[in-house]
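Q: File name data-v9.csv; file contents CSV, C-alpha atoms; full text below.
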```
chain,number,residue,atom,x,y,z
Y,373,GLY,CA,14.6,2.8,-8.5
Y,374,ALA,CA,14.2,2.1,-4.8
Y,375,VAL,CA,13.7,-1.5,-3.9
Y,376,VAL,CA,12.4,-3.1,-0.7
Y,377,SER,CA,13.2,-6.8,-0.4
Y,378,GLN,CA,10.7,-8.7,1.8
Y,379,HIS,CA,11.3,-12.3,2.9
Y,380,PRO,CA,10.0,-14.9,3.0
Y,381,SER,CA,7.4,-14.5,0.3
Y,382,TRP,CA,5.3,-17.2,1.9
Y,383,VAL,CA,5.5,-19.3,5.1
Y,384,ILE,CA,3.5,-22.0,6.7
Y,385,CYS,CA,3.9,-22.5,10.5
Y,386,LYS,CA,2.3,-24.5,13.2
Y,387,SER,CA,0.0,-22.9,15.7
Y,388,GLY,CA,1.9,-21.6,18.7
Y,389,THR,CA,5.1,-21.0,16.9
Y,390,SER,CA,6.7,-17.6,16.0
Y,391,VAL,CA,7.5,-16.3,12.6
Y,392,LYS,CA,9.8,-13.5,11.6
Y,393,ILE,CA,9.4,-11.5,8.4
Y,394,GLU,CA,12.2,-9.3,7.2
Y,395,CYS,CA,12.2,-6.1,5.0
Y,396,ARG,CA,15.3,-4.6,3.7
Y,397,SER,CA,15.8,-1.4,1.8
Y,398,LEU,CA,18.4,-2.3,-0.8
Y,399,ASP,CA,19.5,1.1,-2.2
Y,400,PHE,CA,18.3,3.7,0.3
Y,401,GLN,CA,18.1,4.3,4.0
Y,402,ALA,CA,14.6,3.7,5.3
Y,403,THR,CA,14.2,5.9,8.3
Y,404,THR,CA,10.6,4.9,8.6
Y,405,MET,CA,9.0,1.5,7.9
Y,406,PHE,CA,5.3,0.8,7.8
Y,407,TRP,CA,3.8,-2.7,8.3
Y,408,TYR,CA,0.4,-3.6,6.8
Y,409,ARG,CA,-1.9,-6.5,7.0
Y,410,GLN,CA,-4.2,-7.5,4.2
Y,411,PHE,CA,-7.0,-10.0,4.2
Y,412,PRO,CA,-8.2,-11.6,1.0
Y,413,LYS,CA,-10.1,-9.1,-1.2
Y,414,GLN,CA,-9.6,-6.4,1.3
Y,415,SER,CA,-7.6,-3.2,1.7
Y,416,LEU,CA,-4.3,-2.7,3.5
Y,417,MET,CA,-4.7,-2.1,7.2
Y,418,LEU,CA,-1.8,-0.3,8.8
Y,419,MET,CA,-0.5,-2.2,11.8
Y,420,ALA,CA,2.4,-0.1,13.0
Y,421,THR,CA,5.0,2.5,12.1
Y,422,SER,CA,8.6,2.1,13.1
Y,423,ASN,CA,11.4,4.6,13.0
Y,424,GLU,CA,15.0,3.5,13.1
Y,425,GLY,CA,16.3,3.2,16.6
Y,426,SER,CA,13.0,3.8,18.4
Y,427,LYS,CA,10.0,1.9,19.5
Y,428,ALA,CA,7.3,1.2,16.9
Y,429,THR,CA,4.0,3.0,17.1
Y,430,TYR,CA,1.1,0.6,16.9
Y,431,GLU,CA,-2.4,1.3,15.5
Y,432,GLN,CA,-5.4,1.0,17.7
Y,433,GLY,CA,-6.4,-2.6,18.2
Y,434,VAL,CA,-3.0,-4.1,17.2
Y,435,GLU,CA,-1.4,-6.2,19.9
Y,436,LYS,CA,2.2,-5.0,20.3
Y,437,ASP,CA,3.2,-8.0,22.3
Y,438,LYS,CA,2.0,-10.3,19.6
Y,439,PHE,CA,3.4,-8.4,16.6
Y,440,LEU,CA,6.9,-7.5,17.5
Y,441,ILE,CA,8.6,-4.9,15.3
Y,442,ASN,CA,12.3,-4.2,15.3
Y,443,HIS,CA,13.9,-1.5,13.3
Y,444,ALA,CA,17.5,-1.7,14.5
Y,445,SER,CA,19.2,-0.3,11.3
Y,446,LEU,CA,18.4,2.0,8.5
Y,447,THR,CA,18.1,-0.8,6.0
Y,448,LEU,CA,16.3,-3.5,8.0
Y,449,SER,CA,13.0,-3.9,9.8
Y,450,THR,CA,11.5,-7.1,11.1
Y,451,LEU,CA,8.0,-8.2,12.1
Y,452,THR,CA,7.7,-11.2,14.4
Y,453,VAL,CA,4.4,-12.8,14.8
Y,454,THR,CA,4.6,-14.5,18.2
Y,455,SER,CA,2.6,-17.5,19.2
Y,456,ALA,CA,0.8,-17.5,15.9
Y,457,HIS,CA,-2.7,-18.8,15.6
Y,458,PRO,CA,-4.8,-19.5,12.5
Y,459,GLU,CA,-6.5,-16.1,12.7
Y,460,ASP,CA,-3.1,-14.5,12.2
Y,461,SER,CA,-3.0,-16.0,8.7
Y,462,SER,CA,-2.9,-13.1,6.3
Y,463,PHE,CA,-0.8,-11.2,3.8
Y,464,TYR,CA,1.7,-8.9,5.4
Y,465,ILE,CA,3.4,-6.1,3.5
Y,466,CYS,CA,6.0,-3.6,4.5
Y,467,SER,CA,6.6,-0.2,3.1
Y,468,ALA,CA,9.7,2.0,3.5
Y,469,ARG,CA,10.0,5.7,3.3
Y,470,ASP,CA,13.3,7.3,2.3
Y,471,GLY,CA,14.3,9.8,4.9
Y,472,GLN,CA,16.9,11.5,3.0
Y,473,GLY,CA,15.1,12.2,-0.2
Y,474,LEU,CA,17.6,10.3,-2.3
Y,475,GLN,CA,14.9,8.4,-4.1
Y,476,ASP,CA,11.7,9.8,-5.7
Y,477,PHE,CA,10.4,12.6,-3.6
Y,478,TYR,CA,8.1,11.5,-0.8
Y,479,GLY,CA,8.3,8.0,-2.0
Y,480,TYR,CA,6.9,5.0,-0.3
Y,481,THR,CA,8.3,1.7,-1.6
Y,482,PHE,CA,6.5,-1.5,-0.9
Y,483,GLY,CA,7.9,-5.0,-0.3
Y,484,SER,CA,6.4,-7.9,-2.3
Y,485,GLY,CA,4.5,-9.2,0.7
Y,486,THR,CA,4.6,-12.4,2.8
Y,487,ARG,CA,1.7,-14.9,2.8
Y,488,LEU,CA,1.5,-16.4,6.3
Y,489,THR,CA,-0.6,-19.5,6.8
Y,490,VAL,CA,-0.9,-20.8,10.4
Y,491,VAL,CA,-2.1,-24.4,10.6
Z,1042,ALA,CA,-12.4,11.3,10.2
Z,1043,GLN,CA,-9.7,10.9,7.7
Z,1044,SER,CA,-10.7,8.4,5.1
Z,1045,VAL,CA,-10.6,7.4,1.4
Z,1046,THR,CA,-13.5,6.0,-0.4
Z,1047,GLN,CA,-13.3,4.0,-3.6
Z,1048,LEU,CA,-16.8,4.0,-5.0
Z,1049,ASP,CA,-16.6,0.9,-7.1
Z,1050,SER,CA,-15.4,-2.5,-5.7
Z,1051,GLN,CA,-15.4,-4.1,-9.2
Z,1052,VAL,CA,-15.1,-2.6,-12.6
Z,1053,PRO,CA,-15.4,-4.9,-15.6
Z,1054,VAL,CA,-14.4,-3.5,-18.9
Z,1055,PHE,CA,-13.6,-4.7,-22.4
Z,1056,GLU,CA,-10.1,-4.5,-23.8
Z,1057,GLU,CA,-9.3,-1.2,-25.5
Z,1058,ALA,CA,-12.2,0.6,-23.8
Z,1059,PRO,CA,-11.6,3.6,-21.6
Z,1060,VAL,CA,-11.9,3.2,-17.8
Z,1061,GLU,CA,-12.2,5.5,-14.8
Z,1062,LEU,CA,-11.7,4.3,-11.2
Z,1063,ARG,CA,-13.2,6.7,-8.7
Z,1064,CYS,CA,-11.6,7.9,-5.5
Z,1065,ASN,CA,-12.8,10.4,-3.0
Z,1066,TYR,CA,-11.1,11.5,0.2
Z,1067,SER,CA,-12.1,13.4,3.3
Z,1068,SER,CA,-11.1,17.1,3.0
Z,1069,SER,CA,-8.1,18.6,4.7
Z,1070,VAL,CA,-5.9,21.7,4.3
Z,1071,SER,CA,-3.1,19.6,2.8
Z,1072,VAL,CA,-3.4,16.2,1.1
Z,1073,TYR,CA,-1.0,14.0,-0.8
Z,1074,LEU,CA,-2.7,11.4,-3.1
Z,1075,PHE,CA,-1.5,8.2,-4.6
Z,1076,TRP,CA,-2.7,5.4,-6.8
Z,1077,TYR,CA,-1.2,1.9,-6.5
Z,1078,VAL,CA,-1.7,-1.3,-8.4
Z,1079,GLN,CA,-1.5,-4.7,-6.9
Z,1080,TYR,CA,-1.2,-8.0,-8.8
Z,1081,PRO,CA,-2.1,-11.2,-7.1
Z,1082,ASN,CA,0.1,-12.1,-4.2
Z,1083,GLN,CA,2.4,-9.2,-4.8
Z,1084,GLY,CA,3.2,-5.9,-3.1
Z,1085,LEU,CA,2.0,-2.5,-4.4
Z,1086,GLN,CA,3.4,-0.6,-7.3
Z,1087,LEU,CA,3.1,3.1,-7.5
Z,1088,LEU,CA,1.1,4.3,-10.6
Z,1089,LEU,CA,1.2,8.0,-9.9
Z,1090,LYS,CA,1.0,10.6,-7.1
Z,1091,TYR,CA,-0.2,14.1,-6.5
Z,1092,LEU,CA,1.9,16.3,-4.2
Z,1093,SER,CA,1.3,19.8,-5.5
Z,1094,GLY,CA,1.2,21.8,-8.7
Z,1095,SER,CA,-0.6,20.7,-11.8
Z,1096,THR,CA,-3.9,18.9,-11.0
Z,1097,LEU,CA,-3.5,16.5,-13.9
Z,1098,VAL,CA,-1.0,13.8,-13.0
Z,1099,LYS,CA,0.4,11.4,-15.5
Z,1100,GLY,CA,1.7,8.0,-14.4
Z,1101,ILE,CA,3.1,4.8,-15.7
Z,1102,ASN,CA,1.4,2.4,-18.1
Z,1103,GLY,CA,-0.7,5.2,-19.6
Z,1104,PHE,CA,-2.7,6.0,-16.5
Z,1105,GLU,CA,-3.5,9.5,-15.4
Z,1106,ALA,CA,-5.5,11.1,-12.6
Z,1107,GLU,CA,-6.9,14.5,-11.8
Z,1108,PHE,CA,-6.9,16.2,-8.5
Z,1109,ASN,CA,-10.2,18.0,-7.9
Z,1110,LYS,CA,-10.1,19.9,-4.7
Z,1111,SER,CA,-13.7,21.2,-4.8
Z,1112,GLN,CA,-15.0,17.7,-5.2
Z,1113,THR,CA,-12.3,16.1,-3.0
Z,1114,SER,CA,-11.7,13.5,-5.7
Z,1115,PHE,CA,-8.7,11.9,-7.4
Z,1116,HIS,CA,-10.1,9.7,-10.1
Z,1117,LEU,CA,-7.8,7.4,-12.1
Z,1118,ARG,CA,-8.3,7.1,-15.9
Z,1119,LYS,CA,-6.9,5.3,-18.8
Z,1120,PRO,CA,-8.1,5.9,-22.4
Z,1121,SER,CA,-7.6,2.3,-23.6
Z,1122,VAL,CA,-7.1,-0.6,-21.3
Z,1123,HIS,CA,-5.2,-3.9,-21.9
Z,1124,ILE,CA,-5.7,-7.4,-20.6
Z,1125,SER,CA,-2.6,-6.9,-18.6
Z,1126,ASP,CA,-4.2,-4.0,-16.6
Z,1127,THR,CA,-6.4,-6.6,-14.8
Z,1128,ALA,CA,-5.4,-6.1,-11.2
Z,1129,GLU,CA,-6.5,-4.5,-7.9
Z,1130,TYR,CA,-6.1,-0.7,-7.7
Z,1131,PHE,CA,-5.8,1.2,-4.5
Z,1132,CYS,CA,-6.2,4.9,-3.9
Z,1133,ALA,CA,-4.3,6.3,-0.9
Z,1134,VAL,CA,-3.9,9.6,0.9
Z,1135,SER,CA,-1.6,11.1,3.4
Z,1136,TYR,CA,-2.5,14.2,5.3
Z,1137,ASN,CA,1.0,15.2,6.2
Z,1138,GLN,CA,4.4,14.8,4.6
Z,1139,GLY,CA,6.0,11.5,5.4
Z,1140,GLY,CA,3.0,10.4,7.4
Z,1141,LYS,CA,1.1,7.2,7.2
Z,1142,LEU,CA,-0.9,6.3,4.1
Z,1143,ILE,CA,-4.6,5.7,4.4
Z,1144,PHE,CA,-5.9,3.3,1.8
Z,1145,GLY,CA,-9.3,3.0,0.1
Z,1146,GLN,CA,-11.0,-0.3,-0.1
Z,1147,GLY,CA,-9.6,-1.1,-3.5
Z,1148,THR,CA,-11.2,-1.6,-7.0
Z,1149,GLU,CA,-10.8,-4.8,-8.9
Z,1150,LEU,CA,-10.4,-3.9,-12.5
Z,1151,SER,CA,-11.2,-6.8,-14.8
Z,1152,VAL,CA,-10.4,-6.4,-18.5
Z,1153,LYS,CA,-12.1,-8.8,-20.8
Z,1154,PRO,CA,-11.2,-9.6,-24.4
```
Could you express the structure from this file as structure tokens?

A:
Amino acid sequence: GAVVSQHPSWVICKSGTSVKIECRSLDFQATTMFWYRQFPKQSLMLMATSNEGSKATYEQGVEKDKFLINHASLTLSTLTVTSAHPEDSSFYICSARDGQGLQDFYGYTFGSGTRLTVV
Amino acid sequence: AQSVTQLDSQVPVFEEAPVELRCNYSSSVSVYLFWYVQYPNQGLQLLLKYLSGSTLVKGINGFEAEFNKSQTSFHLRKPSVHISDTAEYFCAVSYNQGGKLIFGQGTELSVKP
């Protein structure tokens, strides 16, 4: 089945530094990637939608200058948390959609998530 | 507004008992419905989905769900749960093909021996 590899699985960084999270689709072309944020014991909140080769579309209330999304290829999307602060600590999850229907129809495949802790 | 409501935040149940996790969505002409399971510190795994056709959908691990358009519901059921089913379950809906998923608040299923 389709697999999305997300790295790192956890990261601790100092306040003020930037952190990059990668998501790769291993056996299909992900024309669309979704980035979610999840606080403990809460649901997934969509942060942004990115399409390969174009700018990401951010949800209301999400700072696009703080959460930089790059989707330069059909198999790789990155989320960079810039100038991270403790309130950015959260679980970040990516999801990829297969644009060519080669995987299960209308499938969304999720990465395993990244636990970010800003100290 | 487009939304998904999971009516129970926590569902405790004994092993081998049946379980139903409830999900209601805001009505629309077309809906695509999903149930996902999440284990601690992991991503989401698809249990089943409804796109069209038969309203009874069977998924992995013995789960099934029924799409009820008149009640705008998509409840998840399993006739006999195992300890290993203990996890967080999310109902999600998309209102257009390939569009973003809107998630419910999640239901924590706790299976006790």

Q: Between Z:Tyr1077, Z:Pro1154, Z:Glu1107, Z:Leu1048, single out the one closest to chain Y, counting all atoms listed in the file.

A: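 When distances to chain Y are compared using all atoms listed in the file, the smallest one comes from Z:Tyr1077.
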
Q: Could you check the closest approach to chain Z for each of Y:Asp437, Y:Glu431, Y:Asp460, Y:Asp399 and tell me which residue wins, using all atoms listed in the file?

A: Y:Glu431

Q: Between CA of Pro1059 (chain Z) and CA of Ala1128 (chain Z), what is the distance, to one decimal in Å?

A: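 CA of Ala1128 (chain Z) lies 15.5 Å from CA of Pro1059 (chain Z).
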
Q: With only C-alpha atoms counted and 9 Å as the cut-off, give the residues of chain Z in contact with chain Y, each with its shortest interatomic distance in Å and the pair that gives it, as JSON lines.

A:
```
{"residue": "Z:Asn1082", "atom": "CA", "partner": "Y:Gly485", "partner_atom": "CA", "distance": 7.2}
{"residue": "Z:Gln1083", "atom": "CA", "partner": "Y:Ser484", "partner_atom": "CA", "distance": 4.9}
{"residue": "Z:Gly1084", "atom": "CA", "partner": "Y:Ser484", "partner_atom": "CA", "distance": 3.9}
{"residue": "Z:Leu1085", "atom": "CA", "partner": "Y:Phe482", "partner_atom": "CA", "distance": 5.8}
{"residue": "Z:Gln1086", "atom": "CA", "partner": "Y:Phe482", "partner_atom": "CA", "distance": 7.2}
{"residue": "Z:Leu1087", "atom": "CA", "partner": "Y:Thr481", "partner_atom": "CA", "distance": 8.0}
{"residue": "Z:Leu1092", "atom": "CA", "partner": "Y:Tyr478", "partner_atom": "CA", "distance": 8.5}
{"residue": "Z:Glu1129", "atom": "CA", "partner": "Y:Lys413", "partner_atom": "CA", "distance": 8.9}
{"residue": "Z:Phe1131", "atom": "CA", "partner": "Y:Ser415", "partner_atom": "CA", "distance": 7.8}
{"residue": "Z:Gln1138", "atom": "CA", "partner": "Y:Tyr478", "partner_atom": "CA", "distance": 7.3}
{"residue": "Z:Gly1139", "atom": "CA", "partner": "Y:Tyr478", "partner_atom": "CA", "distance": 6.5}
{"residue": "Z:Lys1141", "atom": "CA", "partner": "Y:Phe406", "partner_atom": "CA", "distance": 7.7}
{"residue": "Z:Leu1142", "atom": "CA", "partner": "Y:Leu418", "partner_atom": "CA", "distance": 8.2}
{"residue": "Z:Ile1143", "atom": "CA", "partner": "Y:Leu418", "partner_atom": "CA", "distance": 7.9}
{"residue": "Z:Phe1144", "atom": "CA", "partner": "Y:Leu416", "partner_atom": "CA", "distance": 6.4}
{"residue": "Z:Gly1145", "atom": "CA", "partner": "Y:Ser415", "partner_atom": "CA", "distance": 6.6}
{"residue": "Z:Gln1146", "atom": "CA", "partner": "Y:Ser415", "partner_atom": "CA", "distance": 4.8}
{"residue": "Z:Gly1147", "atom": "CA", "partner": "Y:Ser415", "partner_atom": "CA", "distance": 6.0}
{"residue": "Z:Glu1149", "atom": "CA", "partner": "Y:Lys413", "partner_atom": "CA", "distance": 8.8}
```

Q: When you draw a straight line from CA of Ala456 (chain Y) to CA of Pro1081 (chain Z), how long is it in Å?

A: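 Between CA of Ala456 (chain Y) and CA of Pro1081 (chain Z) the gap is 24.0 Å.
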
Q: From the options Z:Cys1132, Z:Leu1117, Z:Ala1042, Z:Leu1097, which residue's atoms come nearest to Ser1069 (chain Z), counting all atoms listed in the file?

A: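 Closest to Ser1069 (chain Z) of all the choices is Z:Ala1042.
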
Q: Using Å and a single decimal, report how far CA of Ala428 (chain Y) sits from CA of Leu451 (chain Y).

A: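 Those two atoms sit 10.6 Å apart.
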
Q: Counting only C-alpha atoms, which of Z:Lys1090, Z:Gly1103, Z:Asn1137, Z:Asp1126 gets nearest to Val1070 (chain Z)?

A: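 Among the listed residues, Z:Asn1137 lies closest to Val1070 (chain Z).
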
Q: Skipping near chain neighbours, those fewer than 2 positions away, what residues fall within 7 Å of Lys438 (chain Y) using only C-alpha atoms, listed as a VMD selection string?

A: chain Y and resid 435 to 436 440 453 to 454

Q: Using all atoms listed in the file, find all polymer residues with an atom at most 10 Å away from the point (-7.7, 13.4, -7.8); report them as an MDAnalysis selection string.

A: chainID Z and resid 1063:1066 1073:1076 1090:1091 1096:1098 1105:1110 1112:1117 1132

Q: Could you dump the residues just selected with C-alpha atoms as a PDB file, in the coordinates of the input?

A:
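The result, stored in out.pdb:
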```pdb
ATOM      1  CA  ARG Z1063     -13.200   6.700  -8.700  1.00  0.00           C
ATOM      2  CA  CYS Z1064     -11.600   7.900  -5.500  1.00  0.00           C
ATOM      3  CA  ASN Z1065     -12.800  10.400  -3.000  1.00  0.00           C
ATOM      4  CA  TYR Z1066     -11.100  11.500   0.200  1.00  0.00           C
ATOM      5  CA  TYR Z1073      -1.000  14.000  -0.800  1.00  0.00           C
ATOM      6  CA  LEU Z1074      -2.700  11.400  -3.100  1.00  0.00           C
ATOM      7  CA  PHE Z1075      -1.500   8.200  -4.600  1.00  0.00           C
ATOM      8  CA  TRP Z1076      -2.700   5.400  -6.800  1.00  0.00           C
ATOM      9  CA  LYS Z1090       1.000  10.600  -7.100  1.00  0.00           C
ATOM     10  CA  TYR Z1091      -0.200  14.100  -6.500  1.00  0.00           C
ATOM     11  CA  THR Z1096      -3.900  18.900 -11.000  1.00  0.00           C
ATOM     12  CA  LEU Z1097      -3.500  16.500 -13.900  1.00  0.00           C
ATOM     13  CA  VAL Z1098      -1.000  13.800 -13.000  1.00  0.00           C
ATOM     14  CA  GLU Z1105      -3.500   9.500 -15.400  1.00  0.00           C
ATOM     15  CA  ALA Z1106      -5.500  11.100 -12.600  1.00  0.00           C
ATOM     16  CA  GLU Z1107      -6.900  14.500 -11.800  1.00  0.00           C
ATOM     17  CA  PHE Z1108      -6.900  16.200  -8.500  1.00  0.00           C
ATOM     18  CA  ASN Z1109     -10.200  18.000  -7.900  1.00  0.00           C
ATOM     19  CA  LYS Z1110     -10.100  19.900  -4.700  1.00  0.00           C
ATOM     20  CA  GLN Z1112     -15.000  17.700  -5.200  1.00  0.00           C
ATOM     21  CA  THR Z1113     -12.300  16.100  -3.000  1.00  0.00           C
ATOM     22  CA  SER Z1114     -11.700  13.500  -5.700  1.00  0.00           C
ATOM     23  CA  PHE Z1115      -8.700  11.900  -7.400  1.00  0.00           C
ATOM     24  CA  HIS Z1116     -10.100   9.700 -10.100  1.00  0.00           C
ATOM     25  CA  LEU Z1117      -7.800   7.400 -12.100  1.00  0.00           C
ATOM     26  CA  CYS Z1132      -6.200   4.900  -3.900  1.00  0.00           C
TER      27      CYS Z1132
END
```

Q: Determine the nearest neighbour of Ser461 (chain Y) from the options Y:Leu398, Y:His443, Y:Ser422, Y:Lys386, counting only C-alpha atoms.

A: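 Ranked by minimum distance to Ser461 (chain Y), first place goes to Y:Lys386.
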
Q: Using all atoms listed in the file, which protein or nucleic acid residues come within 7 Å of Val1152 (chain Z)? Drop anything in the same chain fewer than 4 positions from it, and give the result as a list of chain:residue names.

A: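 Answer for this query is Z:Pro1053, Z:Val1054, Z:Phe1055, Z:Glu1056, Z:His1123, Z:Ile1124, Z:Asp1126, Z:Thr1127.
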
Q: Name the residues in contact with Glu459 (chain Y) at a cut-off of 10 Å, using only C-alpha atoms, excluding same-chain residues fewer than 5 positions from it; report them as a ChimeraX atom specification.

A: /Y:387,489-491

Q: Considering only C-alpha atoms, can you say which of Y:Val434, Y:Leu448, Y:Ala468, Y:Leu488 comes closest to Val391 (chain Y)?

A: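 The shortest atom-to-atom distance to Val391 (chain Y) comes from Y:Leu488.
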